[in-house]
Amino acid sequence: MGYDNVSILRYMGNKNRLLNFIIPAIEEVTKEEDTICDLLAGTHCIGYALKKRNRVIANDIQAYSYIIGRALIANNKETISRDEAAYELEPFYLENIQRQKFSFFYENYADTYFAEEQCLSIDSIRYAIEMVRDKYRKALYLCALMYAMCKVQSTPGHFAQFMPKEHDRIVPLRKMDLWQDFLNKCDDFRKIVHTGRKNEIHKTDSKELLKTLQNEVSCYYVDPPYSGEQYSRFYHVLETVVQYDNPGLQYKALYRTDRFKSRFCYKNSVEGEFAFIMREVSKRRASLVISYSEKGLFPAKKLQQLGKKYFNNIELRQNNYAHSTLGKGKNNINEILLILTD
Ligand SMILES: C[S@@+](CC[C@H](N)C(=O)[O-])C[C@H]1O[C@@H](n2cnc3c(N)ncnc32)[C@H](O)[C@@H]1O
């Protein structure tokens with residue numbers, strides 16, 4: 001079955017290609033109109049696939065994810081297109097190209113992840129988006145900008161490090177016209193799923209959000225980082241372009257100094273994170289569906305044992321698929337799905 005899906009980022013661990021594996025499991029433990037909470041939503045593909053069927057509450061600690069959530073999950077009224085973007089944004093875009101009122105990328109990232117001219121384009125598109133008043137339109141345009149930035153990027157889709165500008169792979173990328181890629185992407189948002197339900201998006205630690213939710217949620221979906229790789233290190237540039245908050249930058253790769261460190265990414269804290277979520281969800285008598293990797297930091301067997309402490313019924317499903325390792329080749333890993341019910 002084809003589920004609703006809009007691709008914005010090539011995101012580490014995203015579940016775009018696993019919707020047929022995950023969505024039916026969530027549907028089995030919920031009814032239409034039930035509220036579903038995606039606690040670590042990333043690109044929001046799970047909430048978006050369920051949007052027509054359910055009310056969605058979605059959360060992630062990263063600001064770029066919050067913006068994608070606003071565009072796809074909370075937004076029930078706005079769409080954008082290439083023509084609208086050209087009409088609404090181009091005058092401001094050209095104004096900034098000339099006057100450089102926004103210049104953070106030009107000043108800090110020229111010839112790193114982007115060419116000098118591309119940095120000027122990023123600043124100018126961002127400036128133009130700042131002039132848009134409606135927060136949903138703004139979020140949709142920011143999604144198109146993030147897409148365009150990832151497209152011209154040297155390392156496939158992430159910003160952990162940049163390649164020297166003389167590198168064979170970089171030369172053609174540095175010539176790409178970011179403004180055109182941005183405009184073209186806007187056409188992907190001509191049709192967005194809109195419903196009459198009041199969906200919610202949050203930008204906080206998953207534990208903090210869980211503490212505030214009572215019995216309104218029927219099913220929690222949890223898809224945490226599997227490894228020691230912090231998302232805040234891989235996607236710091238997206239965090240900066242949406243916030244445009246003039247952050248301190250550090251190291252050769254120009255990371256933000258205020259990067260969030262997830263406790264799912266450390267061997268000594270990952271079990272505590274899972275235990276907290278299982279305990280709180282079971283107290284609320286809701287179902288819990290967990291995506292994890294067979295090769296995750298926390299062994300799948302232990303995850304199952306932990307689940308048995310809090311839930312009466314546990315089902316484990318596995319799906320063998322080629323996982324994108326963002327440039328390091330394809331890796332066959334078993335994605336597991338743990339379905340925990342009262
Ligand atoms: C595997 S990704 C989720 C992918 C998502 N299901 C998708 O398909 O795009 C894990 C996400 O967890 C977020 N994250 C990690 N630790 C978190 C925490 N403690 N609270 C909230 N979000 C967190 C990361 O920012 C990242 O977006």
# chains A, B, ... in the order shown; residues from 1 in each chain; ligands from 1

call {"tool": "select_by_dssp", "arguments": {"residues": "stretch 88-307 of chain A", "states": "strand (DSSP E)", "output": "mmCIF file with C-alpha atoms, in the first residue's frame"}}
result
data_model
loop_
_atom_site.group_PDB
_atom_site.id
_atom_site.type_symbol
_atom_site.label_atom_id
_atom_site.label_comp_id
_atom_site.auth_asym_id
_atom_site.auth_seq_id
_atom_site.Cartn_x
_atom_site.Cartn_y
_atom_site.Cartn_z
ATOM 1 C CA GLU A 200 0.630 19.161 17.832
ATOM 2 C CA ILE A 201 4.362 19.531 17.364
ATOM 3 C CA HIS A 202 6.971 19.924 20.080
ATOM 4 C CA VAL A 217 -2.352 9.148 23.411
ATOM 5 C CA SER A 218 -3.257 5.581 22.329
ATOM 6 C CA CYS A 219 0.096 4.654 20.843
ATOM 7 C CA TYR A 220 3.622 6.008 21.157
ATOM 8 C CA TYR A 221 6.071 5.434 18.323
ATOM 9 C CA VAL A 222 9.725 5.584 19.332
ATOM 10 C CA LEU A 249 30.985 27.699 15.580
ATOM 11 C CA GLN A 250 33.775 25.315 16.435
ATOM 12 C CA TYR A 255 29.740 22.732 14.317
ATOM 13 C CA ARG A 256 27.459 24.813 16.489
ATOM 14 C CA SER A 287 0.725 0.880 23.288
ATOM 15 C CA LEU A 288 4.351 1.341 22.404
ATOM 16 C CA VAL A 289 5.935 0.613 19.024
ATOM 17 C CA ILE A 290 9.731 0.820 18.950
ATOM 18 C CA SER A 291 11.945 0.848 15.857
ATOM 19 C CA TYR A 292 15.501 -0.180 16.491
ATOM 20 C CA SER A 293 18.409 -1.856 14.770
#

call {"tool": "residues_around", "arguments": {"residues": "stretch 34-36 of chain A", "least_positions_apart": "2", "cutoff": "9 Å", "atoms": "only C-alpha atoms", "output": "PyMOL selection string"}}
result
chain A and resi 26+30-32+38+47+50+53-58+199+216-221

call {"tool": "residues_around", "arguments": {"residues": "A:Ile277", "least_positions_apart": "2", "cutoff": "9 Å", "atoms": "only C-alpha atoms", "output": "JSON, numbers by chain"}}
result
{"A": [206, 207, 210, 222, 272, 273, 274, 275, 279, 280, 281, 282, 288]}

call {"tool": "write_last_selection", "arguments": {"atoms": "C-alpha atoms", "output": "mmCIF file, in the first residue's frame"}}
result
data_model
loop_
_atom_site.group_PDB
_atom_site.id
_atom_site.type_symbol
_atom_site.label_atom_id
_atom_site.label_comp_id
_atom_site.auth_asym_id
_atom_site.auth_seq_id
_atom_site.Cartn_x
_atom_site.Cartn_y
_atom_site.Cartn_z
ATOM 1 C CA SER A 206 11.366 13.049 24.585
ATOM 2 C CA LYS A 207 11.272 12.391 28.337
ATOM 3 C CA LEU A 210 6.201 12.273 27.871
ATOM 4 C CA VAL A 222 9.725 5.584 19.332
ATOM 5 C CA GLY A 272 17.758 4.200 31.195
ATOM 6 C CA GLU A 273 16.174 6.104 28.305
ATOM 7 C CA PHE A 274 14.269 3.033 27.086
ATOM 8 C CA ALA A 275 13.255 2.063 30.641
ATOM 9 C CA ARG A 279 7.536 2.723 32.340
ATOM 10 C CA GLU A 280 5.728 5.969 31.532
ATOM 11 C CA VAL A 281 3.871 4.567 28.509
ATOM 12 C CA SER A 282 2.778 1.437 30.406
ATOM 13 C CA LEU A 288 4.351 1.341 22.404
#

call {"tool": "residues_near_ligand", "arguments": {"ligand": "ligand 1", "cutoff": "8 Å", "atoms": "only C-alpha atoms and all ligand atoms", "output": "number ranges by chain"}}
result
A: 11-16, 38-46, 59-62, 65, 203-207, 222-226, 230-232, 261-265

call {"tool": "closest_atom_pairs", "arguments": {"of": "stretch 203-272 of chain A", "to": "stretch 153-176 of chain A", "cutoff": "7 Å", "atoms": "only C-alpha atoms", "output": "CSV"}}
result
residue,atom,partner,partner_atom,distance
A:Arg233,CA,A:Ala160,CA,6.0
A:Phe234,CA,A:Ala160,CA,4.6
A:Tyr235,CA,A:Phe159,CA,5.6
A:His236,CA,A:Phe159,CA,6.9
A:Val237,CA,A:Phe159,CA,6.7
A:Ala253,CA,A:Gln161,CA,5.1

call {"tool": "write_last_selection", "arguments": {"atoms": "C-alpha atoms", "output": "PDB file, in the first residue's frame"}}
result
ATOM      1  CA  ARG A 233      26.657  16.873  14.704  1.00  0.00           C
ATOM      2  CA  PHE A 234      25.391  15.600  11.343  1.00  0.00           C
ATOM      3  CA  TYR A 235      22.753  18.291  10.756  1.00  0.00           C
ATOM      4  CA  HIS A 236      24.117  21.395  12.537  1.00  0.00           C
ATOM      5  CA  VAL A 237      23.922  23.493   9.348  1.00  0.00           C
ATOM      6  CA  ALA A 253      33.695  21.252  10.401  1.00  0.00           C
TER       7      ALA A 253
END

call {"tool": "select_by_dssp", "arguments": {"residues": "stretch 238-286 of chain A", "states": "alpha helix (DSSP H)", "output": "short mmCIF file (atom, residue, chain, number, x, y, z; two decimals) with N, CA and C atoms, in the first residue's frame"}}
result
data_model
loop_
_atom_site.label_atom_id
_atom_site.label_comp_id
_atom_site.auth_asym_id
_atom_site.auth_seq_id
_atom_site.Cartn_x
_atom_site.Cartn_y
_atom_site.Cartn_z
N LEU A 238 21.63 22.68 9.18
CA LEU A 238 20.17 22.84 9.04
C LEU A 238 19.59 23.53 10.28
N GLU A 239 20.15 23.16 11.43
CA GLU A 239 19.72 23.80 12.68
C GLU A 239 19.95 25.32 12.57
N THR A 240 21.08 25.68 12.02
CA THR A 240 21.44 27.10 11.92
C THR A 240 20.59 27.82 10.87
N VAL A 241 20.32 27.17 9.75
CA VAL A 241 19.57 27.90 8.73
C VAL A 241 18.13 28.14 9.18
N VAL A 242 17.53 27.22 9.92
CA VAL A 242 16.15 27.49 10.36
C VAL A 242 16.13 28.51 11.50
N GLN A 243 17.09 28.41 12.41
CA GLN A 243 17.07 29.34 13.55
C GLN A 243 17.67 30.69 13.18
N VAL A 270 21.71 4.50 27.49
CA VAL A 270 20.63 4.13 26.56
C VAL A 270 19.57 3.27 27.26
N GLU A 271 19.98 2.36 28.13
CA GLU A 271 18.98 1.50 28.80
C GLU A 271 18.02 2.34 29.65
N GLY A 272 18.58 3.32 30.35
CA GLY A 272 17.76 4.20 31.20
C GLY A 272 16.72 4.95 30.37
N GLU A 273 17.11 5.38 29.17
CA GLU A 273 16.17 6.10 28.30
C GLU A 273 15.00 5.20 27.90
N PHE A 274 15.33 3.97 27.47
CA PHE A 274 14.27 3.03 27.09
C PHE A 274 13.38 2.70 28.30
N ALA A 275 14.02 2.46 29.44
CA ALA A 275 13.26 2.06 30.64
C ALA A 275 12.28 3.17 31.03
N PHE A 276 12.73 4.42 30.96
CA PHE A 276 11.86 5.54 31.33
C PHE A 276 10.62 5.57 30.42
N ILE A 277 10.87 5.45 29.11
CA ILE A 277 9.76 5.52 28.15
C ILE A 277 8.81 4.35 28.38
N MET A 278 9.35 3.14 28.54
CA MET A 278 8.48 1.97 28.74
C MET A 278 7.63 2.13 30.00
N ARG A 279 8.27 2.58 31.08
CA ARG A 279 7.54 2.72 32.34
C ARG A 279 6.40 3.75 32.19
N GLU A 280 6.73 4.90 31.63
CA GLU A 280 5.73 5.97 31.53
C GLU A 280 4.58 5.59 30.58
N VAL A 281 4.92 4.94 29.47
CA VAL A 281 3.87 4.57 28.51
C VAL A 281 2.99 3.48 29.12
N SER A 282 3.59 2.52 29.81
CA SER A 282 2.78 1.44 30.41
C SER A 282 1.87 1.99 31.51
N LYS A 283 2.37 2.98 32.28
CA LYS A 283 1.53 3.61 33.32
C LYS A 283 0.28 4.23 32.70
#

call {"tool": "residues_around", "arguments": {"residues": "A:Asn76", "least_positions_apart": "3", "cutoff": "10 Å", "atoms": "only C-alpha atoms", "output": "list in words"}}
result
Arg70, Ala71, Leu72, Ile73, Thr79, Tyr136, Ile192, Val193, His194, Thr195, Gly196, Arg197, Lys198 and Asn199 of chain A

call {"tool": "residues_around", "arguments": {"residues": "A:Leu183", "least_positions_apart": "6", "cutoff": "10 Å", "atoms": "only C-alpha atoms", "output": "list in words"}}
result
Ser81, Arg82, Asp83, Glu84, Ala85, Ala86, Leu89, Glu90, Tyr141, Ala144, Leu145 and Ala148 of chain A

call {"tool": "atom_distance", "arguments": {"atom1": "atom CA of A:Leu340", "atom2": "atom CA of A:Ile314"}}
result
4.7 Å
